[in-house]
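> Data: start02.cif, mmCIF, C-alpha atoms.
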```cif
data_query
loop_
_atom_site.label_atom_id
_atom_site.label_comp_id
_atom_site.auth_asym_id
_atom_site.auth_seq_id
_atom_site.Cartn_x
_atom_site.Cartn_y
_atom_site.Cartn_z
CA MET X 1 -57.91 -0.76 -65.26
CA ALA X 2 -57.09 1.86 -62.64
CA GLY X 3 -57.85 -0.39 -59.67
CA TYR X 4 -55.60 -3.07 -61.03
CA THR X 5 -52.71 -0.67 -61.60
CA GLY X 6 -53.09 0.36 -57.99
CA THR X 7 -52.74 -3.26 -56.91
CA ARG X 8 -49.74 -3.78 -59.15
CA GLU X 9 -48.02 -0.73 -57.69
CA ASP X 10 -48.79 -2.09 -54.25
CA HIS X 11 -47.24 -5.45 -55.14
CA LEU X 12 -44.14 -3.80 -56.55
CA ARG X 13 -43.73 -1.69 -53.43
CA ARG X 14 -43.91 -4.80 -51.26
CA LEU X 15 -41.38 -6.65 -53.43
CA ARG X 16 -38.98 -3.69 -53.42
CA ARG X 17 -39.15 -3.73 -49.64
CA VAL X 18 -38.30 -7.44 -49.65
CA GLU X 19 -35.40 -6.70 -52.01
CA GLY X 20 -34.20 -4.13 -49.49
CA GLN X 21 -34.40 -6.73 -46.74
CA ILE X 22 -32.31 -9.18 -48.79
CA ARG X 23 -29.69 -6.50 -49.44
CA GLY X 24 -29.73 -5.72 -45.73
CA LEU X 25 -29.01 -9.41 -45.10
CA GLN X 26 -26.03 -9.24 -47.47
CA ARG X 27 -24.65 -6.27 -45.56
CA MET X 28 -25.13 -8.09 -42.26
CA VAL X 29 -23.17 -11.08 -43.58
CA GLU X 30 -20.41 -8.81 -44.97
CA GLU X 31 -20.13 -6.99 -41.65
CA ASP X 32 -20.02 -10.28 -39.70
CA LYS X 33 -23.17 -9.46 -37.74
CA TYR X 34 -24.32 -11.86 -35.05
CA CYS X 35 -25.97 -14.98 -36.52
CA ILE X 36 -29.08 -14.71 -34.39
CA ASP X 37 -29.72 -11.16 -35.63
CA ILE X 38 -29.31 -12.34 -39.21
CA LEU X 39 -31.81 -15.16 -38.58
CA THR X 40 -34.33 -12.68 -37.15
CA GLN X 41 -34.00 -10.67 -40.36
CA VAL X 42 -34.48 -13.80 -42.49
CA SER X 43 -37.73 -14.53 -40.62
CA ALA X 44 -38.91 -10.97 -41.34
CA ALA X 45 -38.16 -11.33 -45.07
CA ASN X 46 -39.93 -14.69 -45.18
CA ARG X 47 -42.99 -13.20 -43.51
CA ALA X 48 -43.03 -10.31 -45.98
CA LEU X 49 -42.84 -12.73 -48.93
CA GLN X 50 -45.66 -14.81 -47.46
CA ALA X 51 -47.85 -11.76 -46.94
CA PHE X 52 -47.29 -10.87 -50.62
CA ALA X 53 -48.15 -14.44 -51.69
CA LEU X 54 -51.34 -14.52 -49.60
CA GLU X 55 -52.50 -11.22 -51.04
CA LEU X 56 -51.80 -12.36 -54.57
CA LEU X 57 -53.62 -15.63 -53.96
CA GLU X 58 -56.69 -13.87 -52.59
CA GLU X 59 -56.83 -11.58 -55.62
CA HIS X 60 -56.36 -14.54 -57.92
CA MET X 61 -59.28 -16.37 -56.34
CA ALA X 62 -61.45 -13.26 -56.35
CA HIS X 63 -60.74 -12.59 -60.04
CA CYS X 64 -59.38 -15.42 -62.22
CA VAL X 65 -60.89 -18.33 -60.31
CA ALA X 66 -64.22 -16.58 -59.78
CA GLU X 67 -64.47 -15.66 -63.48
CA ALA X 68 -63.73 -19.21 -64.57
CA ILE X 69 -66.39 -20.55 -62.19
CA ALA X 70 -68.92 -17.96 -63.35
CA LYS X 71 -68.31 -19.08 -66.94
CA GLY X 72 -68.60 -22.69 -65.84
CA GLY X 73 -67.25 -25.72 -67.65
CA ASN X 74 -63.96 -27.51 -67.39
CA GLU X 75 -61.89 -24.33 -67.01
CA ALA X 76 -63.33 -23.80 -63.52
CA ASP X 77 -62.06 -27.18 -62.30
CA VAL X 78 -58.65 -26.49 -63.77
CA LYS X 79 -58.43 -23.12 -61.99
CA ILE X 80 -59.51 -24.57 -58.65
CA LYS X 81 -56.99 -27.43 -58.90
CA GLU X 82 -54.26 -24.94 -59.84
CA ALA X 83 -55.05 -22.65 -56.90
CA SER X 84 -55.13 -25.63 -54.51
CA ASP X 85 -51.74 -26.78 -55.74
CA ALA X 86 -50.32 -23.28 -55.26
CA VAL X 87 -51.66 -23.29 -51.67
CA ALA X 88 -50.03 -26.68 -51.07
CA ARG X 89 -46.67 -25.33 -52.27
CA LEU X 90 -46.99 -22.28 -50.00
CA VAL X 91 -47.96 -24.37 -46.97
CA ARG X 92 -45.01 -26.70 -47.50
CA THR X 93 -42.38 -23.94 -47.63
CA MET S 1 -74.57 -38.22 -51.53
CA ALA S 2 -72.56 -41.39 -52.15
CA GLY S 3 -69.46 -39.55 -53.34
CA TYR S 4 -69.48 -37.33 -50.30
CA THR S 5 -69.82 -40.26 -47.90
CA GLY S 6 -66.78 -41.77 -49.59
CA THR S 7 -64.86 -38.57 -48.97
CA ARG S 8 -66.01 -38.42 -45.36
CA GLU S 9 -64.85 -41.97 -44.73
CA ASP S 10 -61.55 -41.05 -46.30
CA HIS S 11 -61.20 -38.03 -44.01
CA LEU S 12 -62.04 -40.09 -40.93
CA ARG S 13 -59.49 -42.73 -41.92
CA ARG S 14 -56.80 -40.05 -42.23
CA LEU S 15 -57.73 -38.50 -38.87
CA ARG S 16 -57.70 -41.89 -37.13
CA ARG S 17 -54.23 -42.44 -38.49
CA VAL S 18 -53.16 -39.06 -37.06
CA GLU S 19 -54.74 -40.05 -33.73
CA GLY S 20 -52.63 -43.23 -33.84
CA GLN S 21 -49.53 -41.11 -34.46
CA ILE S 22 -50.32 -38.91 -31.44
CA ARG S 23 -50.80 -41.97 -29.23
CA GLY S 24 -47.52 -43.31 -30.59
CA LEU S 25 -45.92 -40.03 -29.49
CA GLN S 26 -47.33 -40.46 -25.99
CA ARG S 27 -45.83 -43.96 -25.79
CA MET S 28 -42.48 -42.64 -26.99
CA VAL S 29 -42.51 -39.99 -24.25
CA GLU S 30 -43.55 -42.57 -21.61
CA GLU S 31 -40.77 -44.92 -22.70
CA ASP S 32 -38.20 -42.12 -22.68
CA LYS S 33 -37.40 -42.52 -26.35
CA TYR S 34 -34.68 -40.39 -27.88
CA CYS S 35 -35.82 -36.79 -28.44
CA ILE S 36 -34.72 -36.69 -32.05
CA ASP S 37 -36.86 -39.76 -32.86
CA ILE S 38 -39.84 -38.11 -31.16
CA LEU S 39 -39.29 -34.94 -33.21
CA THR S 40 -39.21 -36.99 -36.43
CA GLN S 41 -42.55 -38.47 -35.45
CA VAL S 42 -43.98 -35.00 -34.70
CA SER S 43 -42.97 -33.86 -38.20
CA ALA S 44 -44.77 -36.90 -39.68
CA ALA S 45 -47.96 -36.11 -37.73
CA ASN S 46 -47.80 -32.47 -38.79
CA ARG S 47 -47.41 -33.47 -42.42
CA ALA S 48 -50.39 -35.83 -42.15
CA LEU S 49 -52.55 -33.07 -40.65
CA GLN S 50 -51.47 -30.68 -43.38
CA ALA S 51 -52.30 -33.20 -46.11
CA PHE S 52 -55.77 -33.55 -44.57
CA ALA S 53 -56.20 -29.78 -44.45
CA LEU S 54 -55.12 -29.31 -48.06
CA GLU S 55 -57.53 -31.99 -49.25
CA LEU S 56 -60.37 -30.46 -47.28
CA LEU S 57 -59.58 -27.00 -48.63
CA GLU S 58 -59.53 -28.22 -52.23
CA GLU S 59 -62.93 -29.88 -51.78
CA HIS S 60 -64.26 -26.77 -50.10
CA MET S 61 -63.18 -24.60 -53.02
CA ALA S 62 -64.52 -27.10 -55.58
CA HIS S 63 -67.92 -27.28 -53.86
CA CYS S 64 -68.93 -24.53 -51.41
CA VAL S 65 -66.90 -21.70 -52.93
CA ALA S 66 -67.73 -22.72 -56.52
CA GLU S 67 -71.45 -22.91 -55.73
CA ALA S 68 -71.46 -19.49 -54.10
CA ILE S 69 -69.67 -18.01 -57.11
CA ALA S 70 -72.03 -19.71 -59.55
CA LYS S 71 -74.98 -18.17 -57.65
CA GLY S 72 -73.21 -14.83 -57.66
CA GLY S 73 -73.83 -11.95 -55.33
CA ASN S 74 -72.28 -11.02 -52.05
CA GLU S 75 -72.07 -14.59 -50.75
CA ALA S 76 -69.34 -15.38 -53.29
CA ASP S 77 -67.09 -12.61 -51.94
CA VAL S 78 -67.66 -13.81 -48.39
CA LYS S 79 -66.69 -17.38 -49.31
CA ILE S 80 -63.55 -16.29 -51.14
CA LYS S 81 -62.43 -14.11 -48.24
CA GLU S 82 -63.13 -16.94 -45.81
CA ALA S 83 -61.11 -19.46 -47.85
CA SER S 84 -58.23 -16.98 -48.20
CA ASP S 85 -58.18 -16.44 -44.45
CA ALA S 86 -58.12 -20.20 -43.86
CA VAL S 87 -55.15 -20.48 -46.24
CA ALA S 88 -53.36 -17.70 -44.34
CA ARG S 89 -53.86 -19.57 -41.06
CA LEU S 90 -52.51 -22.79 -42.59
CA VAL S 91 -49.48 -21.07 -44.09
CA ARG S 92 -48.64 -19.41 -40.79
CA THR S 93 -48.67 -22.62 -38.73
CA MET H 1 -34.83 -37.35 -11.80
CA ALA H 2 -37.76 -35.45 -10.30
CA GLY H 3 -37.38 -32.45 -12.57
CA TYR H 4 -37.39 -34.68 -15.60
CA THR H 5 -40.53 -36.55 -14.50
CA GLY H 6 -42.20 -33.17 -14.20
CA THR H 7 -41.25 -32.37 -17.78
CA ARG H 8 -42.45 -35.77 -18.98
CA GLU H 9 -45.82 -35.29 -17.33
CA ASP H 10 -46.00 -31.90 -18.96
CA HIS H 11 -45.26 -33.41 -22.38
CA LEU H 12 -47.89 -36.12 -21.90
CA ARG H 13 -50.47 -33.55 -20.88
CA ARG H 14 -49.77 -31.55 -24.04
CA LEU H 15 -49.99 -34.66 -26.24
CA ARG H 16 -53.26 -35.78 -24.62
CA ARG H 17 -54.66 -32.36 -25.40
CA VAL H 18 -53.59 -32.77 -29.06
CA GLU H 19 -55.22 -36.23 -29.08
CA GLY H 20 -58.41 -34.56 -27.83
CA GLN H 21 -58.16 -32.03 -30.68
CA ILE H 22 -57.80 -34.83 -33.25
CA ARG H 23 -60.85 -36.65 -31.82
CA GLY H 24 -62.71 -33.34 -31.93
CA LEU H 25 -61.79 -33.12 -35.63
CA GLN H 26 -63.22 -36.61 -36.22
CA ARG H 27 -66.46 -35.57 -34.57
CA MET H 28 -66.61 -32.43 -36.69
CA VAL H 29 -66.20 -34.52 -39.86
CA GLU H 30 -68.83 -37.03 -38.69
CA GLU H 31 -71.27 -34.22 -37.94
CA ASP H 32 -70.62 -32.55 -41.30
CA LYS H 33 -69.39 -29.34 -39.73
CA TYR H 34 -68.46 -26.44 -41.95
CA CYS H 35 -65.09 -26.97 -43.69
CA ILE H 36 -63.67 -23.63 -42.63
CA ASP H 37 -64.33 -24.41 -38.96
CA ILE H 38 -62.60 -27.77 -39.38
CA LEU H 39 -59.61 -26.04 -40.99
CA THR H 40 -59.39 -23.59 -38.07
CA GLN H 41 -59.27 -26.57 -35.73
CA VAL H 42 -56.54 -28.24 -37.82
CA SER H 43 -54.44 -25.07 -37.54
CA ALA H 44 -54.88 -25.15 -33.75
CA ALA H 45 -53.76 -28.80 -33.55
CA ASN H 46 -50.76 -28.07 -35.77
CA ARG H 47 -49.76 -25.16 -33.56
CA ALA H 48 -50.05 -27.33 -30.44
CA LEU H 49 -47.84 -30.01 -32.00
CA GLN H 50 -45.30 -27.39 -33.01
CA ALA H 51 -45.23 -25.91 -29.51
CA PHE H 52 -44.55 -29.41 -28.15
CA ALA H 53 -41.77 -29.96 -30.70
CA LEU H 54 -40.11 -26.62 -29.92
CA GLU H 55 -40.15 -27.33 -26.19
CA LEU H 56 -38.69 -30.79 -26.72
CA LEU H 57 -36.00 -29.40 -28.98
CA GLU H 58 -35.00 -26.74 -26.48
CA GLU H 59 -34.70 -29.36 -23.72
CA HIS H 60 -32.74 -31.62 -26.03
CA MET H 61 -30.26 -28.84 -26.79
CA ALA H 62 -30.01 -27.84 -23.12
CA HIS H 63 -29.34 -31.43 -22.02
CA CYS H 64 -28.20 -34.00 -24.61
CA VAL H 65 -26.44 -31.63 -26.96
CA ALA H 66 -24.87 -29.57 -24.16
CA GLU H 67 -23.56 -32.74 -22.43
CA ALA H 68 -22.05 -34.04 -25.64
CA ILE H 69 -20.33 -30.70 -26.24
CA ALA H 70 -19.08 -30.53 -22.66
CA LYS H 71 -17.52 -34.00 -23.11
CA GLY H 72 -16.08 -32.90 -26.42
CA GLY H 73 -14.96 -35.13 -29.25
CA ASN H 74 -16.80 -36.45 -32.24
CA GLU H 75 -20.07 -37.08 -30.38
CA ALA H 76 -20.64 -33.31 -30.08
CA ASP H 77 -20.53 -32.85 -33.86
CA VAL H 78 -22.93 -35.74 -34.34
CA LYS H 79 -25.41 -34.26 -31.86
CA ILE H 80 -25.27 -30.80 -33.43
CA LYS H 81 -25.80 -32.22 -36.93
CA GLU H 82 -28.70 -34.32 -35.64
CA ALA H 83 -30.38 -31.35 -33.96
CA SER H 84 -29.90 -29.19 -37.08
CA ASP H 85 -31.50 -31.88 -39.22
CA ALA H 86 -34.46 -32.09 -36.82
CA VAL H 87 -34.88 -28.32 -37.07
CA ALA H 88 -34.83 -28.55 -40.88
CA ARG H 89 -37.59 -31.17 -40.79
CA LEU H 90 -39.69 -28.99 -38.48
CA VAL H 91 -39.20 -25.89 -40.59
CA ARG H 92 -40.20 -27.74 -43.75
CA THR H 93 -43.47 -29.11 -42.37
CA MET W 1 -9.94 -17.37 -40.88
CA ALA W 2 -9.81 -18.84 -44.39
CA GLY W 3 -12.56 -21.40 -43.76
CA TYR W 4 -14.84 -18.73 -42.43
CA THR W 5 -14.26 -16.44 -45.41
CA GLY W 6 -15.26 -19.37 -47.62
CA THR W 7 -18.51 -19.74 -45.70
CA ARG W 8 -19.18 -16.00 -45.89
CA GLU W 9 -18.68 -16.00 -49.65
CA ASP W 10 -21.02 -18.95 -49.84
CA HIS W 11 -23.67 -17.08 -47.82
CA LEU W 12 -23.33 -13.98 -49.99
CA ARG W 13 -23.67 -16.04 -53.15
CA ARG W 14 -26.90 -17.57 -51.83
CA LEU W 15 -28.30 -14.18 -50.83
CA ARG W 16 -27.43 -12.65 -54.21
CA ARG W 17 -29.33 -15.48 -55.83
CA VAL W 18 -32.35 -14.72 -53.61
CA GLU W 19 -32.04 -11.04 -54.56
CA GLY W 20 -32.16 -12.13 -58.20
CA GLN W 21 -35.30 -14.13 -57.49
CA ILE W 22 -36.97 -11.10 -55.89
CA ARG W 23 -36.06 -8.91 -58.88
CA GLY W 24 -37.45 -11.65 -61.13
CA LEU W 25 -40.69 -11.43 -59.14
CA GLN W 26 -40.83 -7.68 -59.70
CA ARG W 27 -40.42 -8.22 -63.45
CA MET W 28 -43.18 -10.84 -63.42
CA VAL W 29 -45.54 -8.39 -61.69
CA GLU W 30 -44.60 -5.58 -64.11
CA GLU W 31 -45.22 -7.85 -67.09
CA ASP W 32 -48.56 -9.04 -65.69
CA LYS W 33 -47.48 -12.66 -65.55
CA TYR W 34 -49.97 -15.28 -64.46
CA CYS W 35 -50.54 -15.23 -60.66
CA ILE W 36 -49.93 -18.95 -60.24
CA ASP W 37 -46.50 -18.66 -61.89
CA ILE W 38 -45.64 -15.76 -59.59
CA LEU W 39 -46.72 -17.82 -56.57
CA THR W 40 -44.49 -20.70 -57.69
CA GLN W 41 -41.57 -18.27 -57.84
CA VAL W 42 -42.40 -16.94 -54.34
CA SER W 43 -42.27 -20.50 -53.00
CA ALA W 44 -38.85 -20.97 -54.59
CA ALA W 45 -37.52 -17.74 -53.02
CA ASN W 46 -38.92 -18.75 -49.62
CA ARG W 47 -37.24 -22.15 -49.87
CA ALA W 48 -33.92 -20.51 -50.78
CA LEU W 49 -34.16 -18.17 -47.78
CA GLN W 50 -34.99 -21.09 -45.51
CA ALA W 51 -32.03 -23.12 -46.78
CA PHE W 52 -29.79 -20.13 -46.01
CA ALA W 53 -31.28 -19.81 -42.52
CA LEU W 54 -30.85 -23.52 -41.75
CA GLU W 55 -27.22 -23.45 -42.86
CA LEU W 56 -26.53 -20.36 -40.77
CA LEU W 57 -28.23 -21.92 -37.76
CA GLU W 58 -26.20 -25.13 -38.04
CA GLU W 59 -22.95 -23.14 -38.21
CA HIS W 60 -24.05 -21.02 -35.28
CA MET W 61 -24.72 -24.12 -33.15
CA ALA W 62 -21.46 -25.75 -34.25
CA HIS W 63 -19.42 -22.65 -33.40
CA CYS W 64 -20.93 -20.00 -31.08
CA VAL W 65 -23.21 -22.29 -29.08
CA ALA W 66 -20.62 -25.08 -28.84
CA GLU W 67 -17.93 -22.64 -27.66
CA ALA W 68 -20.20 -21.19 -25.01
CA ILE W 69 -21.07 -24.68 -23.76
CA ALA W 70 -17.42 -25.75 -23.74
CA LYS W 71 -16.59 -22.69 -21.59
CA GLY W 72 -19.55 -23.50 -19.37
CA GLY W 73 -21.37 -21.14 -17.07
CA ASN W 74 -24.38 -18.97 -17.62
CA GLU W 75 -23.40 -17.93 -21.16
CA ALA W 76 -24.14 -21.46 -22.41
CA ASP W 77 -27.76 -21.31 -21.21
CA VAL W 78 -28.20 -17.90 -22.80
CA LYS W 79 -26.89 -19.18 -26.16
CA ILE W 80 -29.10 -22.27 -26.09
CA LYS W 81 -32.20 -20.22 -25.26
CA GLU W 82 -31.33 -17.75 -28.00
CA ALA W 83 -30.88 -20.50 -30.62
CA SER W 84 -34.16 -22.16 -29.55
CA ASP W 85 -35.99 -18.86 -29.91
CA ALA W 86 -34.52 -18.38 -33.40
CA VAL W 87 -35.72 -21.87 -34.35
CA ALA W 88 -39.21 -21.03 -33.05
CA ARG W 89 -39.29 -17.89 -35.23
CA LEU W 90 -38.20 -19.88 -38.28
CA VAL W 91 -40.75 -22.63 -37.67
CA ARG W 92 -43.56 -20.09 -37.28
CA THR W 93 -42.86 -18.27 -40.55
#
```
Show the structure stored in the file as structure tokens.


Amino acid sequence: MAGYTGTREDHLRRLRRVEGQIRGLQRMVEEDKYCIDILTQVSAANRALQAFALELLEEHMAHCVAEAIAKGGNEADVKIKEASDAVARLVRT
Amino acid sequence: MAGYTGTREDHLRRLRRVEGQIRGLQRMVEEDKYCIDILTQVSAANRALQAFALELLEEHMAHCVAEAIAKGGNEADVKIKEASDAVARLVRT
Amino acid sequence: MAGYTGTREDHLRRLRRVEGQIRGLQRMVEEDKYCIDILTQVSAANRALQAFALELLEEHMAHCVAEAIAKGGNEADVKIKEASDAVARLVRT
Amino acid sequence: MAGYTGTREDHLRRLRRVEGQIRGLQRMVEEDKYCIDILTQVSAANRALQAFALELLEEHMAHCVAEAIAKGGNEADVKIKEASDAVARLVRT
């Protein structure tokens, strides 16, 4: 599906940017950069990962969870529990 | 609905416990307790609030969001977006 | 110490405001308010608690930890480890 | 300083592991893995980054901040404020 490919490309772009941030962190450590500047960069990478996770979660609810609910039955409960557990893990990290 | 009343009582019990933790924090500050012990207590209150929020969110998805999706139409999208935004606020605090 | 009393009053004011937020949450649950609005209020209370914790931590580092370091010896290491552990607990909740 | 080099190697090892996790996430997206499994992996990468940040912060307090305090003067206040601000950024992400 074209729309979905677009989203996947978008996700990959985001993750490549995070990878770049992690490599940047390695360089900062190698070059003995000031700790506080390294910590600022860690916060930026964490925020980028969270933004990716929140986007993925919203898509998941709008597609997988919504489809399961539309079909009805036990699968819907399973999907909702699964999504709630994923939210709990995100909130706790 | 009996089940819902049960849940509401459960929520109120949790929130009263958090209120007790906040009053405990006030006493600790008044009695000049050691900062580190106060911070430990703040973390406990934050965790209790988060547990309440996660429970509420799961119920919300299992009831309100699921109902809107089952009915279909625009309302479902609104509910999913709303729940995703609430998750984003929780993750960021 | 006058300055310290000022800070304590400030802390108590903040905590009383959080207590008010928690009571507000109880009212919202009793009045069956919309889940999403309750969750928004939980995020606000969590942020207020975090702001209190960060202020307390900064004061603790500026006073207790700094004094221990100025005196030198083993006590300084203990205080730094203790503060780091408190930060870890805050970050993880 | 030998001890410091050890710590730097340790930091780099941790960051390379995080880089591996981010690449693993890219593969999961490319292979259309299940969203919930991707989210679990994001939580793991976030936790690894946080553990790195907390370690770095503890070392920073034990060395840079402690040295500034031992020397005394205005520099100590600057370092404490700086470390507190870094903690606030970590807590908020």

> Pull out every residue that the PyMOL selection byres ((chain H) within 7 of (chain S)) matches in the shown coordinates and put them as a ChimeraX atom specification.

/H:8,12,15,19,22,26,29,35-36,39-40,42-43,46-47,49,53,56,60,86,89-90,93

> Please compute the atom CA of Lys33 of chain X-atom CA of Asp77 of chain H distance, one decimal, in Å.

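Atom-to-atom, atom CA of Lys33 of chain X to atom CA of Asp77 of chain H, that is 23.9 Å.
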
> Give me, please, the distance in Å between atom CA of Val65 of chain X and atom CA of Ile80 of chain X, quoted to one decimal.

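Atom-to-atom, atom CA of Val65 of chain X and atom CA of Ile80 of chain X are spaced 6.6 Å apart.
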
> Just the number, please: distance in Å from atom CA of Ala66 of chain H to atom CA of Ile69 of chain W, one decimal.

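Those two atoms sit 6.2 Å apart.
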
> My list of candidates is S:His63, S:Gly72, S:Ala51, S:Thr7. Which is closest to Ala88 of chain X when distances are computed with all atoms listed in the file?

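Closest to Ala88 of chain X of all the choices is S:Ala51.
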
> Please return segment 40-59 of chain W, rebuilt to N, CA and C atoms, as a PDB file, in the frame of the given file.


```pdb
ATOM      1  N   THR W  40     -45.505 -19.638 -57.638  1.00  0.00           N
ATOM      2  CA  THR W  40     -44.490 -20.700 -57.690  1.00  0.00           C
ATOM      3  C   THR W  40     -43.103 -20.113 -57.433  1.00  0.00           C
ATOM      4  N   GLN W  41     -42.859 -18.942 -58.004  1.00  0.00           N
ATOM      5  CA  GLN W  41     -41.570 -18.270 -57.840  1.00  0.00           C
ATOM      6  C   GLN W  41     -41.391 -17.779 -56.390  1.00  0.00           C
ATOM      7  N   VAL W  42     -42.480 -17.332 -55.756  1.00  0.00           N
ATOM      8  CA  VAL W  42     -42.400 -16.940 -54.340  1.00  0.00           C
ATOM      9  C   VAL W  42     -42.009 -18.146 -53.490  1.00  0.00           C
ATOM     10  N   SER W  43     -42.616 -19.297 -53.769  1.00  0.00           N
ATOM     11  CA  SER W  43     -42.270 -20.500 -53.000  1.00  0.00           C
ATOM     12  C   SER W  43     -40.790 -20.837 -53.155  1.00  0.00           C
ATOM     13  N   ALA W  44     -40.267 -20.677 -54.363  1.00  0.00           N
ATOM     14  CA  ALA W  44     -38.850 -20.970 -54.590  1.00  0.00           C
ATOM     15  C   ALA W  44     -37.960 -20.011 -53.790  1.00  0.00           C
ATOM     16  N   ALA W  45     -38.315 -18.721 -53.769  1.00  0.00           N
ATOM     17  CA  ALA W  45     -37.520 -17.740 -53.020  1.00  0.00           C
ATOM     18  C   ALA W  45     -37.585 -18.038 -51.517  1.00  0.00           C
ATOM     19  N   ASN W  46     -38.766 -18.405 -51.029  1.00  0.00           N
ATOM     20  CA  ASN W  46     -38.920 -18.750 -49.620  1.00  0.00           C
ATOM     21  C   ASN W  46     -38.057 -19.963 -49.257  1.00  0.00           C
ATOM     22  N   ARG W  47     -38.063 -20.953 -50.141  1.00  0.00           N
ATOM     23  CA  ARG W  47     -37.240 -22.150 -49.870  1.00  0.00           C
ATOM     24  C   ARG W  47     -35.769 -21.788 -49.836  1.00  0.00           C
ATOM     25  N   ALA W  48     -35.329 -20.912 -50.744  1.00  0.00           N
ATOM     26  CA  ALA W  48     -33.920 -20.510 -50.780  1.00  0.00           C
ATOM     27  C   ALA W  48     -33.532 -19.765 -49.499  1.00  0.00           C
ATOM     28  N   LEU W  49     -34.422 -18.900 -49.030  1.00  0.00           N
ATOM     29  CA  LEU W  49     -34.160 -18.170 -47.780  1.00  0.00           C
ATOM     30  C   LEU W  49     -34.088 -19.137 -46.595  1.00  0.00           C
ATOM     31  N   GLN W  50     -34.986 -20.107 -46.582  1.00  0.00           N
ATOM     32  CA  GLN W  50     -34.990 -21.090 -45.510  1.00  0.00           C
ATOM     33  C   GLN W  50     -33.707 -21.923 -45.501  1.00  0.00           C
ATOM     34  N   ALA W  51     -33.268 -22.323 -46.697  1.00  0.00           N
ATOM     35  CA  ALA W  51     -32.030 -23.120 -46.780  1.00  0.00           C
ATOM     36  C   ALA W  51     -30.860 -22.305 -46.231  1.00  0.00           C
ATOM     37  N   PHE W  52     -30.835 -21.014 -46.548  1.00  0.00           N
ATOM     38  CA  PHE W  52     -29.790 -20.130 -46.010  1.00  0.00           C
ATOM     39  C   PHE W  52     -29.880 -20.086 -44.479  1.00  0.00           C
ATOM     40  N   ALA W  53     -31.087 -19.911 -43.965  1.00  0.00           N
ATOM     41  CA  ALA W  53     -31.280 -19.810 -42.520  1.00  0.00           C
ATOM     42  C   ALA W  53     -30.848 -21.098 -41.807  1.00  0.00           C
ATOM     43  N   LEU W  54     -31.201 -22.241 -42.386  1.00  0.00           N
ATOM     44  CA  LEU W  54     -30.850 -23.520 -41.750  1.00  0.00           C
ATOM     45  C   LEU W  54     -29.341 -23.724 -41.729  1.00  0.00           C
ATOM     46  N   GLU W  55     -28.676 -23.317 -42.804  1.00  0.00           N
ATOM     47  CA  GLU W  55     -27.220 -23.450 -42.860  1.00  0.00           C
ATOM     48  C   GLU W  55     -26.564 -22.551 -41.800  1.00  0.00           C
ATOM     49  N   LEU W  56     -27.078 -21.320 -41.730  1.00  0.00           N
ATOM     50  CA  LEU W  56     -26.530 -20.360 -40.770  1.00  0.00           C
ATOM     51  C   LEU W  56     -26.731 -20.879 -39.339  1.00  0.00           C
ATOM     52  N   LEU W  57     -27.916 -21.420 -39.095  1.00  0.00           N
ATOM     53  CA  LEU W  57     -28.230 -21.920 -37.760  1.00  0.00           C
ATOM     54  C   LEU W  57     -27.311 -23.084 -37.385  1.00  0.00           C
ATOM     55  N   GLU W  58     -27.077 -23.984 -38.331  1.00  0.00           N
ATOM     56  CA  GLU W  58     -26.200 -25.130 -38.040  1.00  0.00           C
ATOM     57  C   GLU W  58     -24.790 -24.650 -37.708  1.00  0.00           C
ATOM     58  N   GLU W  59     -24.284 -23.691 -38.496  1.00  0.00           N
ATOM     59  CA  GLU W  59     -22.950 -23.140 -38.210  1.00  0.00           C
ATOM     60  C   GLU W  59     -22.916 -22.460 -36.844  1.00  0.00           C
TER      61      GLU W  59
END
```
